[in-house]
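Worksheet for the structure shown next.
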Amino acid sequence: MDIRQLRYFTAIVEERKISAAAERLHISQPPLSQHLKTMEDELGTKLIERSGKFLEVTEAGKALYKYALQMTQLMEEAKMEVKEVGIGVSGRLTLGINTFSAAGLPEILHGFRTKYPKVTYKIHQNESAQLCQLVRDRIIELAIIQLPLELQDFTVTHLHTEPFYFIASTKKQPFNCEVTLADIQNHPLILPSTEGLGVHYMILESFSKAQLHPNIIAECSDISLLLDLVVSDFGTAIIPENVLTQYKNYNIQAYKIKETELTTSTGLIWLKNHYLSKTAQNFTNLLTEYLQQNTDLQC
């Protein structure tokens, strides 16, 4: 039996006449009668019996009718769900975000959920290099990462470029509005991220190009702990601007670093030359629209 025969059988049971069922199904009577006989032969039992002008369903037919309803309903639901996933109305958004790339994202996701309420989410937070590998392994489809990285395998949409800030406890002597690397090289510095990773490398490279030797006392990839250490005057730190946006309530001093080369960029990536689900496409489009409307988005 196939799903078409089950639909035919359901119509016969509900119409109680072959002629009425055939009219409902928009087919002629002989093929419909033949399908019924084929089903009875396959199952080895009578499903329908004649009783005057109308057909009567046997006990075996009633059992089959119950399952036929369930199976045809499941088939319709499957078709509907597949269509919804295909157009991105339903489905699952799998997204990676870098430790420094979450500012603005809750608002974007809220807008996406309002537009596509049936979509579910799987969100990973990790270092950018790890997120790239998760995209390569098809564990996630999209990732918001810190640039630069080697990205030959990916399609990249640039989202935002931002400066770095020097932060210190309010117990420290205040600076002017902006500072240079030379101004802060002797302060005890806590580096965000850890050795070998993007932000860590960019900060050290900037000091090196300026022929300066920073007083690094710690590395800390946990941003909330890093900020707690700064507040307690354990040390100072250099962080991307979006961290200030994310953690507004910390009692710290923040100064923009003058060196224009010390900036970091954020990008959205997905695997090049691979199918991108409609859900992911819809999110990418919405994110792009959001950026166009909010050119100062900290992402």
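We name chains A, B, ... following the order of the structure tokens; residues begin at 1 in each chain, and ligands are numbered from 1 as shown.
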
Requested in this report: Once DSSP has gone over the backbone, tell me which residues of range 43-256 of chain A are in strand (DSSP E or B), as a count of residues only.
Outcome: 68

Query - Pick from A:Val199, A:Ala210, A:Leu287, A:Thr279 nearest to Ser90 in chain A, counting only C-alpha atoms - result: A:Thr279

May I have the residues within 8 Å of Glu42 in chain A as an mmCIF file with N, CA, C and O atoms, in the first residue's frame, using only C-alpha atoms and disregarding those fewer than 3 positions away in the same chain?
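To be explicit, this is the file written out as selection_38.cif:
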data_model
loop_
_atom_site.group_PDB
_atom_site.id
_atom_site.type_symbol
_atom_site.label_atom_id
_atom_site.label_comp_id
_atom_site.auth_asym_id
_atom_site.auth_seq_id
_atom_site.Cartn_x
_atom_site.Cartn_y
_atom_site.Cartn_z
ATOM 1 N N MET A 1 0.842 -1.203 0.000
ATOM 2 C CA MET A 1 0.000 0.000 0.000
ATOM 3 C C MET A 1 0.874 1.248 0.000
ATOM 4 O O MET A 1 1.960 1.243 0.567
ATOM 5 N N THR A 38 -7.053 -4.344 -4.896
ATOM 6 C CA THR A 38 -5.609 -4.575 -4.704
ATOM 7 C C THR A 38 -5.240 -4.514 -3.225
ATOM 8 O O THR A 38 -4.452 -5.340 -2.729
ATOM 9 N N MET A 39 -5.814 -3.573 -2.510
ATOM 10 C CA MET A 39 -5.534 -3.452 -1.070
ATOM 11 C C MET A 39 -6.051 -4.666 -0.314
ATOM 12 O O MET A 39 -5.375 -5.206 0.565
#

Report task. Return as a PyMOL selection string the full set of residues in range 35-260 of chain A whose backbone-based DSSP assignment is helix (DSSP H, G or I). Result -> chain A and resi 35-43+59-86+105-115+128-136+181-184+198-209+223-231+241-246

Requested in this report: Find the distance between CA of Gln253 in chain A and CA of Pro192 in chain A and write it in Å to one decimal.
Outcome: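 Rounded to one decimal, the two atoms are 16.7 Å apart.
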
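Nearest to Asn126 in chain A of all the residues A:Ser221, A:Leu64, A:His110, A:Leu147 is A:Ser221, based on only C-alpha atoms.
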
Query raised in the report: Looking at A:Asn273, A:Ser193, A:Ser19, A:Thr94, which one is nearest to Arg138 in chain A, with distances taken over only C-alpha atoms?
Result: A:Thr94

As a PDB file with all heavy atoms, in the first residue's frame, please: the residues near Ala237 in chain A (cut-off 9 Å, only C-alpha atoms, same-chain neighbours under 3 positions excluded).
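Dumped everything to out_16.pdb:
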ATOM      1  N   TYR A 165      39.666  50.327  23.667  1.00  0.00           N
ATOM      2  CA  TYR A 165      39.677  51.262  24.779  1.00  0.00           C
ATOM      3  C   TYR A 165      40.583  50.735  25.895  1.00  0.00           C
ATOM      4  O   TYR A 165      40.690  49.524  26.108  1.00  0.00           O
ATOM      5  CB  TYR A 165      38.264  51.445  25.345  1.00  0.00           C
ATOM      6  CG  TYR A 165      37.418  52.433  24.572  1.00  0.00           C
ATOM      7  CD1 TYR A 165      36.957  52.133  23.299  1.00  0.00           C
ATOM      8  CD2 TYR A 165      37.104  53.679  25.108  1.00  0.00           C
ATOM      9  CE1 TYR A 165      36.198  53.044  22.579  1.00  0.00           C
ATOM     10  CE2 TYR A 165      36.339  54.598  24.397  1.00  0.00           C
ATOM     11  CZ  TYR A 165      35.888  54.270  23.132  1.00  0.00           C
ATOM     12  OH  TYR A 165      35.138  55.175  22.428  1.00  0.00           O
ATOM     13  N   PHE A 166      41.204  51.676  26.570  1.00  0.00           N
ATOM     14  CA  PHE A 166      41.968  51.367  27.783  1.00  0.00           C
ATOM     15  C   PHE A 166      41.031  51.571  28.965  1.00  0.00           C
ATOM     16  O   PHE A 166      40.364  52.610  29.068  1.00  0.00           O
ATOM     17  CB  PHE A 166      43.171  52.296  27.892  1.00  0.00           C
ATOM     18  CG  PHE A 166      43.912  52.195  29.191  1.00  0.00           C
ATOM     19  CD1 PHE A 166      44.664  51.070  29.506  1.00  0.00           C
ATOM     20  CD2 PHE A 166      43.859  53.235  30.119  1.00  0.00           C
ATOM     21  CE1 PHE A 166      45.361  50.996  30.707  1.00  0.00           C
ATOM     22  CE2 PHE A 166      44.545  53.160  31.322  1.00  0.00           C
ATOM     23  CZ  PHE A 166      45.301  52.039  31.621  1.00  0.00           C
ATOM     24  N   ILE A 167      40.925  50.574  29.844  1.00  0.00           N
ATOM     25  CA  ILE A 167      40.032  50.699  30.997  1.00  0.00           C
ATOM     26  C   ILE A 167      40.827  50.540  32.291  1.00  0.00           C
ATOM     27  O   ILE A 167      41.811  49.799  32.354  1.00  0.00           O
ATOM     28  CB  ILE A 167      38.869  49.692  30.960  1.00  0.00           C
ATOM     29  CG1 ILE A 167      39.373  48.236  30.937  1.00  0.00           C
ATOM     30  CG2 ILE A 167      37.966  49.962  29.770  1.00  0.00           C
ATOM     31  CD1 ILE A 167      38.280  47.208  31.117  1.00  0.00           C
ATOM     32  N   ALA A 168      40.395  51.280  33.305  1.00  0.00           N
ATOM     33  CA  ALA A 168      41.075  51.256  34.597  1.00  0.00           C
ATOM     34  C   ALA A 168      40.065  51.465  35.708  1.00  0.00           C
ATOM     35  O   ALA A 168      38.941  51.938  35.474  1.00  0.00           O
ATOM     36  CB  ALA A 168      42.147  52.340  34.635  1.00  0.00           C
ATOM     37  N   HIS A 187      51.457  50.596  32.849  1.00  0.00           N
ATOM     38  CA  HIS A 187      50.378  50.171  33.744  1.00  0.00           C
ATOM     39  C   HIS A 187      50.259  48.643  33.711  1.00  0.00           C
ATOM     40  O   HIS A 187      50.476  48.006  32.668  1.00  0.00           O
ATOM     41  CB  HIS A 187      49.052  50.806  33.320  1.00  0.00           C
ATOM     42  CG  HIS A 187      48.975  52.269  33.615  1.00  0.00           C
ATOM     43  ND1 HIS A 187      48.450  52.773  34.778  1.00  0.00           N
ATOM     44  CD2 HIS A 187      49.390  53.353  32.902  1.00  0.00           C
ATOM     45  CE1 HIS A 187      48.520  54.094  34.775  1.00  0.00           C
ATOM     46  NE2 HIS A 187      49.092  54.469  33.639  1.00  0.00           N
ATOM     47  N   PRO A 188      49.914  48.035  34.841  1.00  0.00           N
ATOM     48  CA  PRO A 188      49.762  46.566  34.855  1.00  0.00           C
ATOM     49  C   PRO A 188      48.573  46.134  34.002  1.00  0.00           C
ATOM     50  O   PRO A 188      47.426  46.428  34.334  1.00  0.00           O
ATOM     51  CB  PRO A 188      49.532  46.247  36.337  1.00  0.00           C
ATOM     52  CG  PRO A 188      48.998  47.521  36.928  1.00  0.00           C
ATOM     53  CD  PRO A 188      49.629  48.640  36.143  1.00  0.00           C
ATOM     54  N   LEU A 189      48.838  45.456  32.886  1.00  0.00           N
ATOM     55  CA  LEU A 189      47.798  45.141  31.910  1.00  0.00           C
ATOM     56  C   LEU A 189      47.320  43.706  32.023  1.00  0.00           C
ATOM     57  O   LEU A 189      48.117  42.768  32.142  1.00  0.00           O
ATOM     58  CB  LEU A 189      48.318  45.369  30.487  1.00  0.00           C
ATOM     59  CG  LEU A 189      48.367  46.805  29.960  1.00  0.00           C
ATOM     60  CD1 LEU A 189      49.032  46.820  28.585  1.00  0.00           C
ATOM     61  CD2 LEU A 189      46.961  47.381  29.869  1.00  0.00           C
ATOM     62  N   ILE A 190      45.997  43.549  31.952  1.00  0.00           N
ATOM     63  CA  ILE A 190      45.375  42.228  31.799  1.00  0.00           C
ATOM     64  C   ILE A 190      44.911  42.141  30.350  1.00  0.00           C
ATOM     65  O   ILE A 190      44.108  42.967  29.903  1.00  0.00           O
ATOM     66  CB  ILE A 190      44.163  42.064  32.733  1.00  0.00           C
ATOM     67  CG1 ILE A 190      44.528  42.414  34.172  1.00  0.00           C
ATOM     68  CG2 ILE A 190      43.599  40.650  32.639  1.00  0.00           C
ATOM     69  CD1 ILE A 190      43.325  42.585  35.081  1.00  0.00           C
ATOM     70  N   LEU A 191      45.416  41.166  29.601  1.00  0.00           N
ATOM     71  CA  LEU A 191      45.015  41.033  28.203  1.00  0.00           C
ATOM     72  C   LEU A 191      43.751  40.192  28.087  1.00  0.00           C
ATOM     73  O   LEU A 191      43.671  39.104  28.684  1.00  0.00           O
ATOM     74  CB  LEU A 191      46.126  40.387  27.379  1.00  0.00           C
ATOM     75  CG  LEU A 191      47.378  41.236  27.124  1.00  0.00           C
ATOM     76  CD1 LEU A 191      48.298  40.519  26.144  1.00  0.00           C
ATOM     77  CD2 LEU A 191      47.025  42.613  26.582  1.00  0.00           C
ATOM     78  N   PRO A 192      42.752  40.675  27.341  1.00  0.00           N
ATOM     79  CA  PRO A 192      41.597  39.814  27.073  1.00  0.00           C
ATOM     80  C   PRO A 192      42.027  38.699  26.126  1.00  0.00           C
ATOM     81  O   PRO A 192      42.949  38.870  25.338  1.00  0.00           O
ATOM     82  CB  PRO A 192      40.608  40.758  26.403  1.00  0.00           C
ATOM     83  CG  PRO A 192      41.460  41.779  25.738  1.00  0.00           C
ATOM     84  CD  PRO A 192      42.671  41.943  26.616  1.00  0.00           C
ATOM     85  N   LEU A 226      37.454  39.589  34.009  1.00  0.00           N
ATOM     86  CA  LEU A 226      38.440  40.623  33.688  1.00  0.00           C
ATOM     87  C   LEU A 226      37.965  41.982  34.202  1.00  0.00           C
ATOM     88  O   LEU A 226      38.733  42.737  34.825  1.00  0.00           O
ATOM     89  CB  LEU A 226      38.673  40.657  32.180  1.00  0.00           C
ATOM     90  CG  LEU A 226      39.712  41.655  31.649  1.00  0.00           C
ATOM     91  CD1 LEU A 226      40.406  41.099  30.410  1.00  0.00           C
ATOM     92  CD2 LEU A 226      39.067  42.995  31.292  1.00  0.00           C
ATOM     93  N   LEU A 227      36.699  42.302  33.962  1.00  0.00           N
ATOM     94  CA  LEU A 227      36.175  43.591  34.403  1.00  0.00           C
ATOM     95  C   LEU A 227      36.129  43.683  35.928  1.00  0.00           C
ATOM     96  O   LEU A 227      36.383  44.746  36.506  1.00  0.00           O
ATOM     97  CB  LEU A 227      34.794  43.817  33.804  1.00  0.00           C
ATOM     98  CG  LEU A 227      34.771  44.019  32.285  1.00  0.00           C
ATOM     99  CD1 LEU A 227      33.342  44.034  31.758  1.00  0.00           C
ATOM    100  CD2 LEU A 227      35.481  45.302  31.886  1.00  0.00           C
ATOM    101  N   VAL A 230      39.535  44.572  37.013  1.00  0.00           N
ATOM    102  CA  VAL A 230      39.819  45.989  36.776  1.00  0.00           C
ATOM    103  C   VAL A 230      39.143  46.851  37.833  1.00  0.00           C
ATOM    104  O   VAL A 230      39.750  47.777  38.397  1.00  0.00           O
ATOM    105  CB  VAL A 230      39.378  46.400  35.361  1.00  0.00           C
ATOM    106  CG1 VAL A 230      39.484  47.921  35.182  1.00  0.00           C
ATOM    107  CG2 VAL A 230      40.230  45.695  34.311  1.00  0.00           C
TER     108      VAL A 230
END

Requested in this report: Write out as a PyMOL selection string which residues come within 12 Å of Lys62 in chain A when counting only C-alpha atoms, dropping same-chain ones fewer than 2 positions away.
Outcome: chain A and resi 9-10+12-14+46-49+56-60+64-69

Quick one: write out the picked residues with N, CA and C atoms as a PDB file, in the first residue's frame?
ATOM      1  N   PHE A   9      -8.837   4.979   0.018  1.00  0.00           N
ATOM      2  CA  PHE A   9      -9.624   4.185   0.959  1.00  0.00           C
ATOM      3  C   PHE A   9     -10.384   5.088   1.929  1.00  0.00           C
ATOM      4  N   THR A  10      -9.743   6.143   2.412  1.00  0.00           N
ATOM      5  CA  THR A  10     -10.394   7.085   3.328  1.00  0.00           C
ATOM      6  C   THR A  10     -11.622   7.716   2.664  1.00  0.00           C
ATOM      7  N   ILE A  12     -13.455   6.416   0.230  1.00  0.00           N
ATOM      8  CA  ILE A  12     -14.495   5.388   0.087  1.00  0.00           C
ATOM      9  C   ILE A  12     -15.256   5.207   1.395  1.00  0.00           C
ATOM     10  N   VAL A  13     -14.512   5.135   2.512  1.00  0.00           N
ATOM     11  CA  VAL A  13     -15.145   4.940   3.825  1.00  0.00           C
ATOM     12  C   VAL A  13     -16.043   6.123   4.149  1.00  0.00           C
ATOM     13  N   GLU A  14     -15.583   7.326   3.894  1.00  0.00           N
ATOM     14  CA  GLU A  14     -16.323   8.515   4.288  1.00  0.00           C
ATOM     15  C   GLU A  14     -17.510   8.816   3.363  1.00  0.00           C
ATOM     16  N   LYS A  46     -11.324  -8.724   3.674  1.00  0.00           N
ATOM     17  CA  LYS A  46     -12.298  -7.786   3.159  1.00  0.00           C
ATOM     18  C   LYS A  46     -12.264  -6.503   3.977  1.00  0.00           C
ATOM     19  N   LEU A  47     -12.264  -5.375   3.290  1.00  0.00           N
ATOM     20  CA  LEU A  47     -12.262  -4.082   3.957  1.00  0.00           C
ATOM     21  C   LEU A  47     -13.625  -3.392   3.864  1.00  0.00           C
ATOM     22  N   ILE A  48     -14.320  -3.642   2.757  1.00  0.00           N
ATOM     23  CA  ILE A  48     -15.606  -2.996   2.487  1.00  0.00           C
ATOM     24  C   ILE A  48     -16.599  -4.064   2.016  1.00  0.00           C
ATOM     25  N   GLU A  49     -17.858  -3.965   2.477  1.00  0.00           N
ATOM     26  CA  GLU A  49     -18.925  -4.854   1.997  1.00  0.00           C
ATOM     27  C   GLU A  49     -20.115  -4.006   1.574  1.00  0.00           C
ATOM     28  N   GLU A  56     -20.489  -0.751   3.560  1.00  0.00           N
ATOM     29  CA  GLU A  56     -20.247  -0.878   4.990  1.00  0.00           C
ATOM     30  C   GLU A  56     -18.784  -1.268   5.226  1.00  0.00           C
ATOM     31  N   VAL A  57     -18.198  -0.702   6.265  1.00  0.00           N
ATOM     32  CA  VAL A  57     -16.793  -0.980   6.578  1.00  0.00           C
ATOM     33  C   VAL A  57     -16.720  -2.180   7.513  1.00  0.00           C
ATOM     34  N   THR A  58     -15.857  -3.138   7.176  1.00  0.00           N
ATOM     35  CA  THR A  58     -15.654  -4.304   8.047  1.00  0.00           C
ATOM     36  C   THR A  58     -14.800  -3.890   9.244  1.00  0.00           C
ATOM     37  N   GLU A  59     -14.670  -4.809  10.213  1.00  0.00           N
ATOM     38  CA  GLU A  59     -13.824  -4.520  11.371  1.00  0.00           C
ATOM     39  C   GLU A  59     -12.378  -4.278  10.944  1.00  0.00           C
ATOM     40  N   ALA A  60     -11.920  -5.081   9.978  1.00  0.00           N
ATOM     41  CA  ALA A  60     -10.567  -4.881   9.452  1.00  0.00           C
ATOM     42  C   ALA A  60     -10.462  -3.519   8.769  1.00  0.00           C
ATOM     43  N   LEU A  64      -7.993  -0.300   9.552  1.00  0.00           N
ATOM     44  CA  LEU A  64      -7.164   0.352   8.543  1.00  0.00           C
ATOM     45  C   LEU A  64      -7.513   1.837   8.431  1.00  0.00           C
ATOM     46  N   TYR A  65      -8.792   2.161   8.499  1.00  0.00           N
ATOM     47  CA  TYR A  65      -9.234   3.555   8.381  1.00  0.00           C
ATOM     48  C   TYR A  65      -8.597   4.426   9.471  1.00  0.00           C
ATOM     49  N   LYS A  66      -8.519   3.898  10.691  1.00  0.00           N
ATOM     50  CA  LYS A  66      -7.922   4.645  11.802  1.00  0.00           C
ATOM     51  C   LYS A  66      -6.471   5.019  11.477  1.00  0.00           C
ATOM     52  N   TYR A  67      -5.714   4.023  10.995  1.00  0.00           N
ATOM     53  CA  TYR A  67      -4.305   4.290  10.669  1.00  0.00           C
ATOM     54  C   TYR A  67      -4.174   5.139   9.404  1.00  0.00           C
ATOM     55  N   ALA A  68      -5.088   4.945   8.459  1.00  0.00           N
ATOM     56  CA  ALA A  68      -5.046   5.733   7.226  1.00  0.00           C
ATOM     57  C   ALA A  68      -5.208   7.224   7.534  1.00  0.00           C
ATOM     58  N   LEU A  69      -6.120   7.549   8.468  1.00  0.00           N
ATOM     59  CA  LEU A  69      -6.297   8.943   8.866  1.00  0.00           C
ATOM     60  C   LEU A  69      -5.021   9.509   9.478  1.00  0.00           C
TER      61      LEU A  69
END
